[in-house]
Amino acid sequence: MTPRTPARFADSRHEDRRRTFPALQPLEGEDFASSWWGNAWVEALEDTALDRNRLTRGRAYARRGHVDAITVTPGRVMAYVHGTRPRPYRTEIRLRTLTDGDWGDFLATAAARPDHIAALLDKDVPHALASVADLLPTPGDLIPDCSCPDDGYPCKHAAALCYQTARLLDEDPFVLFLMRGRGEREILADLSHRNATRSAAERTGAASGTPVPTVPASEALAARPLPPLPPPFAPPAHPGRPPAYPQTPGAPDPLALDLLATEAAARAHTLLTTGTDPVAQLTQWQDAVRLAAAHPGSGLTASTRALYRDLAVATDHTPTDLARAVAAWRQGGLAALAVLEEPWDPPAGPFDRARPALIAADFPHFRPWRNHLSTRSLQLRFGRDGLWYGYESDPDREDWWPRGTPDADPVGALTALLGR
């Protein structure tokens, strides 16, 4: 006979798997999401849409607060959306729920690392966890349905519901987990159980190991020649990871704290392993370029856009100036940044031999200016380090951007620039 689930537990789980959120206030001048998972939700909607005009109208509906209270259950998001008619439309977004096996993989991965559990408690989703069980929707994974007569895919009402849902996800990623089939209390209870089981197993393993050798106190305190100190531990291969910082009212920005902690760890690791501080000799501008170059995205995500904006303002530059300098830094570090910013007159020698070499390789149209060799859209710059650096621009625009890999041979640098 199959055991029955206690009624109280069944009711609790039912309540945990259904959440209703009051209608959100109108939104002015902001993105619908700033978290990477919230933006992934928006991208899945926009990549699926067959009509960009309906998306535009859906964004306008969402911004003006046309979406009533939103109810989220496993595999479904539902709300009434006001359109041009007096009576609102019943609108739904459906998506696939995860299997028990998928949830098992996700929870096992999360429980294996305390920093993952801490991140979830802070309403953050580590990228590594999201990829374990395909939590994030992909194009075609969101299926809209609406009682309106519009047969668009999606209609503007479904688009509005999707955009407002992104705001919910931004505030609480457990809304995404609920869409995929599990409630917040259920997930946290499972993680707590797995963590306790893991800790008990570790304690049992430690208790059953070899006893720790001891030394009598009289022997330890007796006068005797002391042995030499052991050699210092080898430095770690990589800097440590910073902790997960909470979003607390009145506290510093968690992104700024994470950035400072990561920078301090990287500088300390370099100083420990090389004996030199890689940042001490940099100017404020050079250090700002280095900081921006260390973060992927080139200003495309919300967090890196904010970083680029703040660093540019602090150094009296524009975000475009910073983006160009970051491209140079990634091309070759401090030497490449100097090539971008400091034209100079090279002595006779390698620079004079470059044009004949390019002509011999069927690149005859380069014209010289100081340490530059240029065509209408390609340019090579000779650095003080003896390397050639590639640049590209739209024809006749003089808007040069670093590209390719530096090379001691101008033909090699040009070949890398052209991708041959």
# chains A, B, ... in the order shown; residues from 1 in each chain; ligands from 1

$ residues_around --residues "range 91-108 of chain A" --least-positions-apart "5" --cutoff "9 Å" --atoms "only C-alpha atoms" --output "ChimeraX atom specification"
/A:74-81,129-135,137,141-148,157-158,161-162,178-182,187,190-191,194

$ closest_atom_pairs --of "range 247-354 of chain A" --to "range 380-391 of chain A" --cutoff "8 Å" --atoms "only C-alpha atoms" --output "CSV"
residue,atom,partner,partner_atom,distance
A:Ala335,CA,A:Asp385,CA,7.2
A:Ala336,CA,A:Tyr389,CA,7.5
A:Ala338,CA,A:Gly383,CA,7.9
A:Val339,CA,A:Gly383,CA,5.6
A:Pro346,CA,A:Arg384,CA,7.9
A:Phe351,CA,A:Phe382,CA,7.0

$ atom_distance --atom1 "CA of Pro232 in chain A" --atom2 "CA of Thr262 in chain A"
23.9 Å

$ residues_around --residues "Ala288 in chain A" --least-positions-apart "5" --cutoff "8 Å" --atoms "only C-alpha atoms" --output "PyMOL selection string"
chain A and resi 311-312+315

$ write_last_selection --atoms "N, CA and C atoms" --output "PDB file, in the first residue's frame"
ATOM      1  N   LEU A 311      34.113  54.636 -14.275  1.00  0.00           N
ATOM      2  CA  LEU A 311      35.554  54.790 -14.482  1.00  0.00           C
ATOM      3  C   LEU A 311      35.842  55.925 -15.460  1.00  0.00           C
ATOM      4  N   ALA A 312      35.022  56.064 -16.504  1.00  0.00           N
ATOM      5  CA  ALA A 312      35.247  57.134 -17.473  1.00  0.00           C
ATOM      6  C   ALA A 312      35.056  58.502 -16.830  1.00  0.00           C
ATOM      7  N   THR A 315      37.922  59.586 -14.546  1.00  0.00           N
ATOM      8  CA  THR A 315      39.200  59.897 -15.198  1.00  0.00           C
ATOM      9  C   THR A 315      39.052  60.949 -16.290  1.00  0.00           C
TER      10      THR A 315
END

$ atom_distance --atom1 "CA of Ala112 in chain A" --atom2 "CA of Trp36 in chain A"
22.9 Å

$ atom_distance --atom1 "CA of Pro139 in chain A" --atom2 "CA of Thr48 in chain A"
5.1 Å

$ select_by_dssp --residues "range 242-402 of chain A" --states "strand (DSSP E)" --output "VMD selection string"
chain A and resid 367 to 369 372 to 374 378 to 382 388 to 392 401 to 402

$ residues_around --residues "range 49-63 of chain A" --least-positions-apart "2" --cutoff "8 Å" --atoms "only C-alpha atoms" --output "VMD selection string"
chain A and resid 26 to 28 45 to 47 65 to 67 152 to 161 163 to 164

$ write_last_selection --atoms "all heavy atoms" --output "short mmCIF file (atom, residue, chain, number, x, y, z; two decimals), in the first residue's frame"
data_model
loop_
_atom_site.label_atom_id
_atom_site.label_comp_id
_atom_site.auth_asym_id
_atom_site.auth_seq_id
_atom_site.Cartn_x
_atom_site.Cartn_y
_atom_site.Cartn_z
N PRO A 26 4.23 51.53 -12.25
CA PRO A 26 4.78 51.91 -13.57
C PRO A 26 6.28 52.15 -13.49
O PRO A 26 6.82 52.56 -12.46
CB PRO A 26 4.00 53.19 -13.91
CG PRO A 26 2.72 53.07 -13.13
CD PRO A 26 3.08 52.36 -11.87
N LEU A 27 6.96 51.90 -14.59
CA LEU A 27 8.42 51.98 -14.65
C LEU A 27 8.80 53.11 -15.60
O LEU A 27 8.30 53.19 -16.72
CB LEU A 27 9.00 50.66 -15.16
CG LEU A 27 10.51 50.51 -15.18
CD1 LEU A 27 11.06 50.50 -13.76
CD2 LEU A 27 10.89 49.22 -15.90
N GLU A 28 9.71 53.97 -15.15
CA GLU A 28 10.13 55.10 -15.97
C GLU A 28 11.65 55.12 -16.09
O GLU A 28 12.36 55.14 -15.10
CB GLU A 28 9.66 56.43 -15.36
CG GLU A 28 8.14 56.57 -15.30
CD GLU A 28 7.74 57.92 -14.72
OE1 GLU A 28 8.64 58.73 -14.45
OE2 GLU A 28 6.52 58.14 -14.55
N LEU A 45 12.54 36.04 -24.56
CA LEU A 45 11.30 36.59 -25.13
C LEU A 45 11.58 37.27 -26.47
O LEU A 45 10.91 36.99 -27.47
CB LEU A 45 10.69 37.59 -24.15
CG LEU A 45 9.68 38.59 -24.74
CD1 LEU A 45 8.39 37.86 -25.11
CD2 LEU A 45 9.40 39.73 -23.76
N GLU A 46 12.57 38.15 -26.51
CA GLU A 46 12.81 38.96 -27.71
C GLU A 46 13.36 38.12 -28.86
O GLU A 46 13.10 38.43 -30.01
CB GLU A 46 13.75 40.11 -27.35
CG GLU A 46 13.11 41.09 -26.37
CD GLU A 46 14.02 42.23 -25.98
OE1 GLU A 46 15.25 42.13 -26.24
OE2 GLU A 46 13.53 43.24 -25.42
N ASP A 47 14.12 37.07 -28.55
CA ASP A 47 14.63 36.21 -29.61
C ASP A 47 13.53 35.33 -30.22
O ASP A 47 13.67 34.83 -31.33
CB ASP A 47 15.75 35.32 -29.07
CG ASP A 47 17.01 36.10 -28.76
OD1 ASP A 47 17.11 37.24 -29.25
OD2 ASP A 47 17.88 35.59 -28.05
N GLY A 65 2.07 50.15 -16.42
CA GLY A 65 1.38 49.43 -15.36
C GLY A 65 0.09 48.78 -15.78
O GLY A 65 -0.83 48.67 -14.97
N HIS A 66 -0.02 48.31 -17.03
CA HIS A 66 -1.25 47.67 -17.51
C HIS A 66 -1.39 46.22 -17.04
O HIS A 66 -2.42 45.60 -17.30
CB HIS A 66 -1.28 47.70 -19.04
CG HIS A 66 -1.62 49.05 -19.60
ND1 HIS A 66 -2.21 49.23 -20.82
CD2 HIS A 66 -1.45 50.30 -19.09
CE1 HIS A 66 -2.40 50.52 -21.05
NE2 HIS A 66 -1.92 51.19 -20.01
N VAL A 67 -0.35 45.68 -16.38
CA VAL A 67 -0.38 44.27 -15.95
C VAL A 67 -0.84 44.21 -14.50
O VAL A 67 -0.23 44.82 -13.62
CB VAL A 67 1.00 43.62 -16.11
CG1 VAL A 67 0.94 42.15 -15.69
CG2 VAL A 67 1.49 43.73 -17.55
N GLY A 152 -0.65 37.38 -32.79
CA GLY A 152 0.79 37.61 -32.81
C GLY A 152 1.51 36.66 -31.87
O GLY A 152 0.93 36.10 -30.93
N TYR A 153 2.79 36.46 -32.13
CA TYR A 153 3.58 35.53 -31.30
C TYR A 153 4.85 36.25 -30.84
O TYR A 153 5.83 36.32 -31.58
CB TYR A 153 3.95 34.29 -32.09
CG TYR A 153 4.47 33.17 -31.23
CD1 TYR A 153 3.61 32.24 -30.67
CD2 TYR A 153 5.83 33.04 -30.96
CE1 TYR A 153 4.09 31.20 -29.87
CE2 TYR A 153 6.32 32.02 -30.17
CZ TYR A 153 5.44 31.10 -29.62
OH TYR A 153 5.91 30.08 -28.83
N PRO A 154 4.79 36.84 -29.61
CA PRO A 154 3.62 36.93 -28.73
C PRO A 154 2.80 38.16 -29.06
O PRO A 154 3.28 39.07 -29.74
CB PRO A 154 4.27 37.07 -27.36
CG PRO A 154 5.52 37.86 -27.64
CD PRO A 154 5.99 37.38 -28.99
N CYS A 155 1.57 38.21 -28.52
CA CYS A 155 0.80 39.44 -28.63
C CYS A 155 1.37 40.47 -27.65
O CYS A 155 2.20 40.15 -26.80
CB CYS A 155 -0.67 39.17 -28.34
SG CYS A 155 -1.01 38.73 -26.61
N LYS A 156 0.90 41.69 -27.75
CA LYS A 156 1.45 42.75 -26.89
C LYS A 156 1.13 42.51 -25.43
O LYS A 156 1.89 42.92 -24.54
CB LYS A 156 0.93 44.11 -27.34
CG LYS A 156 -0.57 44.24 -27.46
CD LYS A 156 -0.95 45.60 -28.02
CE LYS A 156 -2.47 45.74 -28.26
NZ LYS A 156 -2.91 44.84 -29.35
N HIS A 157 0.02 41.84 -25.12
CA HIS A 157 -0.33 41.58 -23.73
C HIS A 157 0.62 40.54 -23.12
O HIS A 157 1.09 40.70 -21.98
CB HIS A 157 -1.77 41.09 -23.62
CG HIS A 157 -2.74 41.93 -24.41
ND1 HIS A 157 -3.25 41.53 -25.64
CD2 HIS A 157 -3.25 43.17 -24.16
CE1 HIS A 157 -4.05 42.48 -26.11
NE2 HIS A 157 -4.06 43.49 -25.24
N ALA A 158 0.93 39.49 -23.89
CA ALA A 158 1.87 38.48 -23.41
C ALA A 158 3.27 39.07 -23.28
O ALA A 158 4.01 38.76 -22.35
CB ALA A 158 1.89 37.28 -24.35
N ALA A 159 3.63 39.94 -24.21
CA ALA A 159 4.95 40.61 -24.12
C ALA A 159 5.01 41.46 -22.86
O ALA A 159 6.02 41.46 -22.14
CB ALA A 159 5.20 41.46 -25.36
N ALA A 160 3.94 42.20 -22.56
CA ALA A 160 3.91 43.03 -21.35
C ALA A 160 4.07 42.17 -20.10
O ALA A 160 4.80 42.52 -19.17
CB ALA A 160 2.61 43.82 -21.29
N LEU A 161 3.38 41.02 -20.07
CA LEU A 161 3.51 40.12 -18.93
C LEU A 161 4.94 39.62 -18.79
O LEU A 161 5.49 39.54 -17.68
CB LEU A 161 2.54 38.94 -19.09
CG LEU A 161 2.66 37.83 -18.04
CD1 LEU A 161 2.47 38.39 -16.63
CD2 LEU A 161 1.64 36.72 -18.33
N TYR A 163 7.73 41.13 -19.76
CA TYR A 163 8.61 42.20 -19.27
C TYR A 163 8.41 42.44 -17.78
O TYR A 163 9.37 42.65 -17.03
CB TYR A 163 8.36 43.48 -20.06
CG TYR A 163 8.97 43.47 -21.43
CD1 TYR A 163 8.19 43.56 -22.58
CD2 TYR A 163 10.35 43.35 -21.60
CE1 TYR A 163 8.76 43.54 -23.85
CE2 TYR A 163 10.93 43.34 -22.86
CZ TYR A 163 10.12 43.43 -23.98
OH TYR A 163 10.69 43.41 -25.23
N GLN A 164 7.16 42.42 -17.31
CA GLN A 164 6.93 42.61 -15.89
C GLN A 164 7.46 41.43 -15.08
O GLN A 164 7.95 41.60 -13.96
CB GLN A 164 5.43 42.80 -15.61
CG GLN A 164 4.86 44.11 -16.13
CD GLN A 164 5.41 45.32 -15.38
OE1 GLN A 164 6.59 45.62 -15.49
NE2 GLN A 164 4.56 46.02 -14.66
#

$ closest_residue --among "A:Arg370, A:Ser35, A:Arg355, A:Ser377" --to "Asp409 in chain A" --atoms "only C-alpha atoms"
A:Arg355

$ residues_around --residues "Leu121 in chain A" --least-positions-apart "5" --cutoff "10 Å" --atoms "only C-alpha atoms" --output "JSON, numbers by chain"
{"A": [115, 116, 174, 188, 246]}

$ decode --residues "range 60-142 of chain A" --atoms "C-alpha atoms" --output "mmCIF file, in the first residue's frame"
data_model
loop_
_atom_site.group_PDB
_atom_site.id
_atom_site.type_symbol
_atom_site.label_atom_id
_atom_site.label_comp_id
_atom_site.auth_asym_id
_atom_site.auth_seq_id
_atom_site.Cartn_x
_atom_site.Cartn_y
_atom_site.Cartn_z
ATOM 1 C CA ALA A 60 4.882 50.371 -23.289
ATOM 2 C CA TYR A 61 2.010 48.444 -21.641
ATOM 3 C CA ALA A 62 4.381 47.098 -18.982
ATOM 4 C CA ARG A 63 5.935 50.501 -18.272
ATOM 5 C CA ARG A 64 2.483 52.099 -17.848
ATOM 6 C CA GLY A 65 1.384 49.430 -15.355
ATOM 7 C CA HIS A 66 -1.246 47.669 -17.513
ATOM 8 C CA VAL A 67 -0.384 44.275 -15.953
ATOM 9 C CA ASP A 68 -2.442 43.310 -12.887
ATOM 10 C CA ALA A 69 -1.312 40.924 -10.133
ATOM 11 C CA ILE A 70 0.931 38.116 -11.418
ATOM 12 C CA THR A 71 0.466 34.508 -10.252
ATOM 13 C CA VAL A 72 3.356 32.060 -10.652
ATOM 14 C CA THR A 73 2.971 28.287 -10.431
ATOM 15 C CA PRO A 74 5.169 25.475 -11.791
ATOM 16 C CA GLY A 75 5.329 25.840 -15.564
ATOM 17 C CA ARG A 76 3.006 28.849 -15.728
ATOM 18 C CA VAL A 77 2.886 32.641 -15.234
ATOM 19 C CA MET A 78 -0.589 34.243 -15.374
ATOM 20 C CA ALA A 79 -2.004 37.766 -15.101
ATOM 21 C CA TYR A 80 -4.816 39.934 -16.414
ATOM 22 C CA VAL A 81 -3.521 42.601 -18.795
ATOM 23 C CA HIS A 82 -5.458 45.738 -19.700
ATOM 24 C CA GLY A 83 -5.626 46.626 -23.374
ATOM 25 C CA THR A 84 -7.783 48.953 -25.430
ATOM 26 C CA ARG A 85 -11.046 47.302 -24.339
ATOM 27 C CA PRO A 86 -12.649 47.824 -20.905
ATOM 28 C CA ARG A 87 -12.320 44.187 -19.911
ATOM 29 C CA PRO A 88 -8.731 42.924 -19.330
ATOM 30 C CA TYR A 89 -7.382 39.854 -21.112
ATOM 31 C CA ARG A 90 -6.305 36.662 -19.359
ATOM 32 C CA THR A 91 -2.686 36.168 -20.371
ATOM 33 C CA GLU A 92 -0.332 33.254 -19.675
ATOM 34 C CA ILE A 93 3.277 32.318 -20.303
ATOM 35 C CA ARG A 94 4.028 28.600 -20.113
ATOM 36 C CA LEU A 95 7.410 26.908 -19.917
ATOM 37 C CA ARG A 96 8.801 23.451 -19.251
ATOM 38 C CA THR A 97 9.306 22.273 -15.643
ATOM 39 C CA LEU A 98 12.450 20.375 -14.673
ATOM 40 C CA THR A 99 12.422 16.663 -13.983
ATOM 41 C CA ASP A 100 13.228 15.205 -10.556
ATOM 42 C CA GLY A 101 16.582 14.144 -11.996
ATOM 43 C CA ASP A 102 17.336 17.706 -13.116
ATOM 44 C CA TRP A 103 16.455 19.027 -9.661
ATOM 45 C CA GLY A 104 18.616 16.347 -8.051
ATOM 46 C CA ASP A 105 21.622 17.444 -10.127
ATOM 47 C CA PHE A 106 20.970 21.113 -9.345
ATOM 48 C CA LEU A 107 20.574 20.626 -5.589
ATOM 49 C CA ALA A 108 23.549 18.281 -5.330
ATOM 50 C CA THR A 109 25.757 20.826 -7.110
ATOM 51 C CA ALA A 110 24.506 23.672 -4.916
ATOM 52 C CA ALA A 111 24.954 21.717 -1.666
ATOM 53 C CA ALA A 112 28.514 20.749 -2.589
ATOM 54 C CA ARG A 113 29.758 24.344 -2.249
ATOM 55 C CA PRO A 114 28.990 26.669 0.687
ATOM 56 C CA ASP A 115 29.451 29.746 -1.532
ATOM 57 C CA HIS A 116 26.660 28.514 -3.817
ATOM 58 C CA ILE A 117 24.312 28.133 -0.838
ATOM 59 C CA ALA A 118 25.295 31.596 0.433
ATOM 60 C CA ALA A 119 24.654 33.095 -3.009
ATOM 61 C CA LEU A 120 21.161 31.535 -3.186
ATOM 62 C CA LEU A 121 20.328 32.837 0.289
ATOM 63 C CA ASP A 122 21.386 36.290 -0.944
ATOM 64 C CA LYS A 123 18.981 35.964 -3.909
ATOM 65 C CA ASP A 124 21.838 35.495 -6.368
ATOM 66 C CA VAL A 125 22.263 32.745 -8.976
ATOM 67 C CA PRO A 126 25.820 31.618 -9.749
ATOM 68 C CA HIS A 127 26.340 30.973 -13.456
ATOM 69 C CA ALA A 128 27.622 27.470 -12.692
ATOM 70 C CA LEU A 129 24.318 26.501 -11.057
ATOM 71 C CA ALA A 130 22.129 27.873 -13.834
ATOM 72 C CA SER A 131 23.934 25.732 -16.403
ATOM 73 C CA VAL A 132 23.565 22.477 -14.420
ATOM 74 C CA ALA A 133 19.864 21.972 -15.135
ATOM 75 C CA ASP A 134 19.057 24.486 -17.922
ATOM 76 C CA LEU A 135 17.178 26.767 -15.523
ATOM 77 C CA LEU A 136 17.165 29.735 -17.878
ATOM 78 C CA PRO A 137 14.746 29.811 -20.789
ATOM 79 C CA THR A 138 16.049 29.635 -24.334
ATOM 80 C CA PRO A 139 14.425 31.017 -27.520
ATOM 81 C CA GLY A 140 11.228 29.053 -28.078
ATOM 82 C CA ASP A 141 11.036 27.892 -24.447
ATOM 83 C CA LEU A 142 8.434 30.539 -23.515
#
